[in-house]
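Contents: one structure, followed by commentary.
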Amino acid sequence: MLTVDFDRLGLKPGDRVIDMGCGAGRHAFEMYRLGADVVAFDQDGDELANVLELFGAMKEAGEVPDGAHADIKEGDALQLPFADGEFDRVVASEVLEHIPADITAINELVRVLRPGGTMALTVPRWLPEMVCWQLSEDYHNAPGGHIRIYSDKELIGKAKNAGLVYDGKDYAHGLHTPYWWLKCAVGVNNDDNPLVKAYHQVLVWDIMKTPGYSKGTRLAEKMLNPVLGKSLVLYFHKPL
């Protein structure tokens, strides 16, 4: 389930890229498949160990082109252990809403991006996220949870102040917004609720049908994204 459009990001084989706050590695895996030189970066060592294992399995299975490289790095988003301008592309997906010093994190991402390089920042979209916060305190009060709700204007402004040029935006995962509203309404940890279970099964079915996605669900999500897309996706470049 990808949030970033790598064609829009301008990703090419051989590009050196960082997936900052990679989590389970969904974007890192896809960039590796596309032939990039990938660094999966996170502060969770256990999560990174699983990502590294899957990198190896992908290589053994012949899922990546010759010349592609992938590795992991554990560290702090506020002090990235990389040289200035080291990366051609930067991805930070669903990360900044967890970081108190988000401006420092954005400045670090800009620092390690080369002039002319591109960046994708994704965060929960304002309206769907606000409804979740109103429905459930547990949704955002969990340790390590969301600490802010971004408007489009706020995050674009912070990125521009850090030296980036805004290239455009998109919205993603419209089918997931009603699911999270439902979970918040019945209790975010109440996975046994019949409606939650049924909706979850639909989402899993839709994801697992890759690459043969259901035309019906793809059309439904395409129609829902502009109105109810769960994620805001912003694209930028660093001027030469």
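Letters A, B, ... mark the chains of the structure tokens in the order given; residue numbers begin at 1 per chain; ligand numbers begin at 1, in order shown.
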Can you pull out every residue within 12 Å of A:Met223, counting only C-alpha atoms, but drop anything in the same chain fewer than 6 positions away, and send it as a PDB file with C-alpha atoms, in the first residue's frame?
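Output saved as selection_3.pdb:
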```pdb
ATOM      1  CA  TYR A 171      -4.294  12.707  -1.583  1.00  0.00           C
ATOM      2  CA  ALA A 172      -4.221   8.957  -0.978  1.00  0.00           C
ATOM      3  CA  HIS A 173      -6.052   6.106   0.746  1.00  0.00           C
ATOM      4  CA  GLY A 174      -9.606   7.386   0.547  1.00  0.00           C
ATOM      5  CA  LEU A 175     -10.944   3.915   1.343  1.00  0.00           C
ATOM      6  CA  GLY A 216     -14.193  -1.440  -8.490  1.00  0.00           C
ATOM      7  CA  THR A 217     -12.168  -0.587  -5.405  1.00  0.00           C
ATOM      8  CA  GLY A 229      -8.081  10.788   1.183  1.00  0.00           C
TER       9      GLY A 229
END
```
Practice problem: With a distance cut-off of 6 Å and only C-alpha atoms, select the neighbouring residues of stretch 62-75 of chain A, excluding the residue or stretch itself and same-chain residues fewer than 4 positions from it, and output the selection as a list in words. | Solution: Arg33, Gly35, Ala36, Asp37, Val38, Val39, Ala40, Phe41, Asp42, Gln43 and Met58 of chain A
Quiz prompt | Separation of atom CA of A:Ala57 from atom CA of A:Lys12 in Å | solution = 22.2 Å
Quiz item: Within 8 Å of A:Gly116, counting only C-alpha atoms, which residues qualify if same-chain residues fewer than 3 places away don't, as number ranges by chain?
Solution: A: 88, 237-240
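Between atom CA of A:Ile18 and atom CA of A:Val90 the separation is 5.2 Å.
Computed from the coordinates, the atom CA of A:Asn107 to atom CA of A:Leu121 distance equals 12.7 Å.
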Practice problem: Could you give me, as a VMD selection string, each residue of stretch 24-196 of chain A that DSSP assigns to strand (DSSP E) when run on this structure's backbone? | Solution: chain A and resid 37 to 42 69 to 74 87 to 93 113 to 124 165 to 172
